[in-house]
Amino acid sequence: MSLFPVYPLLNIHLTKAKDVYVYDQEGTAYLDLYGGHAVLSIGHGHPKYKQNLKAQIDAIGFYSNSVQNKIQEALAEKLVSFSNCPDYQLFLCNSGAEANENALKLASFHTQASRVIAFKNGFHGRTSAAVAATDNSKINAPLNAQQQVDFFELGDLDGVEKSLKKGGVCAIIFECIQGVGGLDEAASEFYKALEQLAKTYNVLLIADEVQSGFGRTGDFFAFQKHGIQPDLITIAKGMGNGFPIGGVLIAPHIQAKYGMLGTTFGGNHLACTAALSVLEVLEEEKLMQHVTEVSNYFISEASKIPQIKKIKGRGLMLGLEFDFPIAKLREQLVYTHHIFTGNSNNKNLLRILPPLTIQKEHVDTFISALKIALP
Ligand SMILES: Cc1ncc(COP(=O)(O)O)c(C=O)c1O
């Protein structure tokens with residue numbers, strides 16, 4: 001059976017990984033500044049993570065949500081100190097799209113409305129409501145066109161309010177820093193006004209922290225910088241450091257009813273152990289503080305390179321913008337210099353999403369390679 005080809009693939013077969021490096025079958029080391037698409041938070045094969053997962057698989061790897069699960073409770077408890085959302089409730093699932101799908105569904109149950117407001121260049125996943133709220137016609141099938149979604153430029157409050165006035169809106173969904181879109185972020189005033197509009201019109205505000213959450217920006221959630229408190233917060237990617245897990249943090253005024261949401265695999269013992277280990281390592285190794293330090297160093301070194309026209313993003317969710325398409329540069333970085341980087345909807349932007357354990361010496365390696373590779 002052949003594989004259904006949905007992505008253009010690099011001609012590299014990875015066989016092992018350690019911290020910020022991945023290795024191919026010939027043993028060549030690649031510096032991972034892509035983190036498997038912002039997934040590796042505490043680094044490949046972190047000793048504590050491996051040890052906890054091995055012990056958990058020996059004890060019990062999986063049981064469904066028909067029994068009590070103390071690891072889920074421990075994860076919810078641990079999330080309080082990071083998220084500053086003490087009264088919120090936690091729903092666990094398996095991916096970012098699923099987290100957004102459940103958040104949108106919850107907003108619709110809660111408000112009994114069905115229209116959604118989303119933003120141009122936003123990405124929320126590939127399932128039904130999540131993909132409909134994603135501004136990319138190529139990944140929306142005719143089936144997904146059933147959803148009613150109004151898209152506005154990030155920052156367009158007038159447009160958002162006009163749409164709210166028409167009525168029938170259940171949610172406003174946004175990425176505080178757009179990942180796939182190319183690292184754009186609006187001013188605090190915009191996010192604060194959005195929060196106010198959601199309250200005024202009785203719709204739920206959903207912060208998609210799937211990519212920007214779990215410490216990647218140096219804050220636990222990217223929205224925390226703007227002093228807002230969304231009703232629903234979606235998480236995935238860095239949460240499991242590669243083990244599939246996602247979740248929704250749900251404000252206390254949203255009430256659960258049996259059957260509203262559900263999942264077979266979501267919140268299983270292994271997945272929760274992975275997420276709990278990530279939080280423990282973030283805390284023990286003070287990784288969020290480290291993100292800010294290494295990010296400042298990265299930005300100061302990158303700003304010395306004249307070909308870089310703009311540095312976008314925050315923490316270790318960064319974009320280097322050039323005045324030419326980066327496709328060839330990216331290829332050269334991976335095949336000649338053995339460094340993984342990312343791309344985005346903005347063809348001129350090189351995306352940097354390394355494990356949060358990256359050190360200054362790795363930044364130096366990248367900067368030297370970039371200088372050689374640049375035209
Ligand atoms: C902001 C954001 N939301 C949602 C998703 C979808 O996550 P997943 O691929 O785990 O379904 C992504 C994936 O890139 C993302 O960047």
# chains A, B, ... in the order shown; residues from 1 in each chain; ligands from 1
$ residues_near_ligand --ligand "ligand 1" --cutoff "6 Å" --atoms "only C-alpha atoms and all ligand atoms" --output "short mmCIF file (atom, residue, chain, number, x, y, z; two decimals) with N, CA and C atoms, in the first residue's frame"
data_model
loop_
_atom_site.label_atom_id
_atom_site.label_comp_id
_atom_site.auth_asym_id
_atom_site.auth_seq_id
_atom_site.Cartn_x
_atom_site.Cartn_y
_atom_site.Cartn_z
N SER A 95 -5.48 16.50 20.00
CA SER A 95 -4.76 17.33 19.01
C SER A 95 -5.27 18.77 19.08
N GLY A 96 -4.59 19.63 18.33
CA GLY A 96 -4.97 21.04 18.31
C GLY A 96 -6.31 21.26 17.62
N ALA A 97 -6.51 20.60 16.49
CA ALA A 97 -7.77 20.75 15.77
C ALA A 97 -8.93 20.30 16.65
N PHE A 123 -5.04 30.09 11.50
CA PHE A 123 -5.06 28.62 11.29
C PHE A 123 -5.53 27.96 12.58
N HIS A 124 -6.56 27.11 12.46
CA HIS A 124 -7.08 26.46 13.67
C HIS A 124 -7.20 24.95 13.53
N GLY A 125 -6.76 24.39 12.41
CA GLY A 125 -6.81 22.93 12.27
C GLY A 125 -7.62 22.50 11.07
N GLU A 175 -5.78 33.53 17.23
CA GLU A 175 -4.43 33.18 17.68
C GLU A 175 -3.79 34.50 18.08
N GLY A 179 0.61 31.68 13.91
CA GLY A 179 1.74 30.80 13.63
C GLY A 179 1.91 30.53 12.15
N VAL A 180 1.02 29.68 11.61
CA VAL A 180 1.09 29.32 10.19
C VAL A 180 0.99 30.58 9.32
N ASP A 208 -6.75 30.51 20.82
CA ASP A 208 -6.09 29.32 20.30
C ASP A 208 -4.61 29.41 20.66
N VAL A 210 -2.69 26.74 20.81
CA VAL A 210 -2.16 25.44 20.40
C VAL A 210 -0.67 25.52 20.09
N GLN A 211 -0.27 26.57 19.37
CA GLN A 211 1.14 26.72 19.01
C GLN A 211 1.89 27.64 19.98
#
$ closest_residue --among "A:Ile326, A:Leu353, A:Ala373, A:Leu279" --to "Ser295 in chain A" --atoms "only C-alpha atoms"
A:Leu353
$ closest_atom_pairs --of "range 267-311 of chain A" --to "range 45-69 of chain A" --cutoff "12 Å" --atoms "only C-alpha atoms" --output "CSV"
residue,atom,partner,partner_atom,distance
A:Gly267,CA,A:Asn65,CA,7.7
A:Asn268,CA,A:Phe62,CA,5.4
A:His269,CA,A:Phe62,CA,5.3
A:Leu270,CA,A:Gly61,CA,5.2
A:Ala271,CA,A:Gly61,CA,8.6
A:Cys272,CA,A:Asn69,CA,9.5
A:Thr273,CA,A:Leu53,CA,6.4
A:Ala274,CA,A:Tyr49,CA,6.5
A:Ala275,CA,A:Tyr49,CA,9.1
A:Leu276,CA,A:Tyr49,CA,9.0
A:Ser277,CA,A:Tyr49,CA,5.5
A:Val278,CA,A:Tyr49,CA,7.1
A:Leu279,CA,A:Tyr49,CA,10.2
A:Glu280,CA,A:Lys48,CA,9.0
A:Val281,CA,A:Lys48,CA,7.7
A:Leu282,CA,A:Tyr49,CA,11.4
A:Glu284,CA,A:Lys48,CA,10.8
A:Glu285,CA,A:Lys48,CA,11.4
$ residues_around --residues "Gly247 in chain A" --least-positions-apart "2" --cutoff "8 Å" --atoms "only C-alpha atoms" --output "ChimeraX atom specification"
/A:90-96,99,234-236,245,249
$ write_last_selection --atoms "C-alpha atoms" --output "tab-separated table (two decimals), in the first residue's frame"
chain	number	residue	atom	x	y	z
A	90	LEU	CA	-10.20	21.05	31.80
A	91	PHE	CA	-11.37	18.93	28.87
A	92	LEU	CA	-8.71	16.65	27.39
A	93	CYS	CA	-8.49	15.48	23.78
A	94	ASN	CA	-5.75	14.47	21.31
A	95	SER	CA	-4.76	17.33	19.01
A	96	GLY	CA	-4.97	21.04	18.31
A	99	ALA	CA	-9.24	21.20	20.96
A	234	THR	CA	-7.11	25.63	23.54
A	235	ILE	CA	-3.80	23.80	23.97
A	236	ALA	CA	-1.88	20.99	22.24
A	245	ILE	CA	-2.57	15.38	23.63
A	249	LEU	CA	-9.46	25.26	29.52
$ closest_residue --among "A:Ala222, A:Gln148, A:Leu10, A:Ala129" --to "Arg330 in chain A" --atoms "only C-alpha atoms"
A:Leu10
$ closest_atom_pairs --of "range 105-203 of chain A" --to "range 250-256 of chain A" --cutoff "10 Å" --atoms "only C-alpha atoms" --output "Markdown table"
| residue | atom | partner | partner_atom | distance |
| --- | --- | --- | --- | --- |
| A:Leu106 | CA | A:Ile254 | CA | 8.3 |
| A:Ala107 | CA | A:Ile254 | CA | 8.6 |
| A:Phe109 | CA | A:Ile254 | CA | 9.5 |
| A:His110 | CA | A:Ile254 | CA | 6.7 |
| A:Thr111 | CA | A:Ile254 | CA | 9.7 |
$ select_by_dssp --residues "range 96-250 of chain A" --states "alpha helix (DSSP H)" --output "VMD selection string"
chain A and resid 96 to 111 128 to 132 157 to 165 188 to 200
$ residues_around --residues "Phe82 in chain A" --least-positions-apart "4" --cutoff "10 Å" --atoms "only C-alpha atoms" --output "count of residues only"
11
$ closest_residue --among "A:Pro325, A:Gly342, A:Gly218, A:Gly213" --to "Gly238 in chain A" --atoms "only C-alpha atoms"
A:Gly213
$ closest_residue --among "A:Asn140, A:Asn11, A:Asn100, A:Thr341" --to "Ala207 in chain A" --atoms "only C-alpha atoms"
A:Asn100
$ atom_distance --atom1 "CA of Gly122 in chain A" --atom2 "CA of Asn136 in chain A"
8.3 Å
$ closest_residue --among "A:Gly159, A:Gly182, A:Pro355, A:Pro306" --to "His44 in chain A" --atoms "only C-alpha atoms"
A:Pro355
$ closest_residue --among "A:Lys18, A:Lys310, A:Arg126, A:Lys328" --to "Leu31 in chain A" --atoms "only C-alpha atoms"
A:Lys18
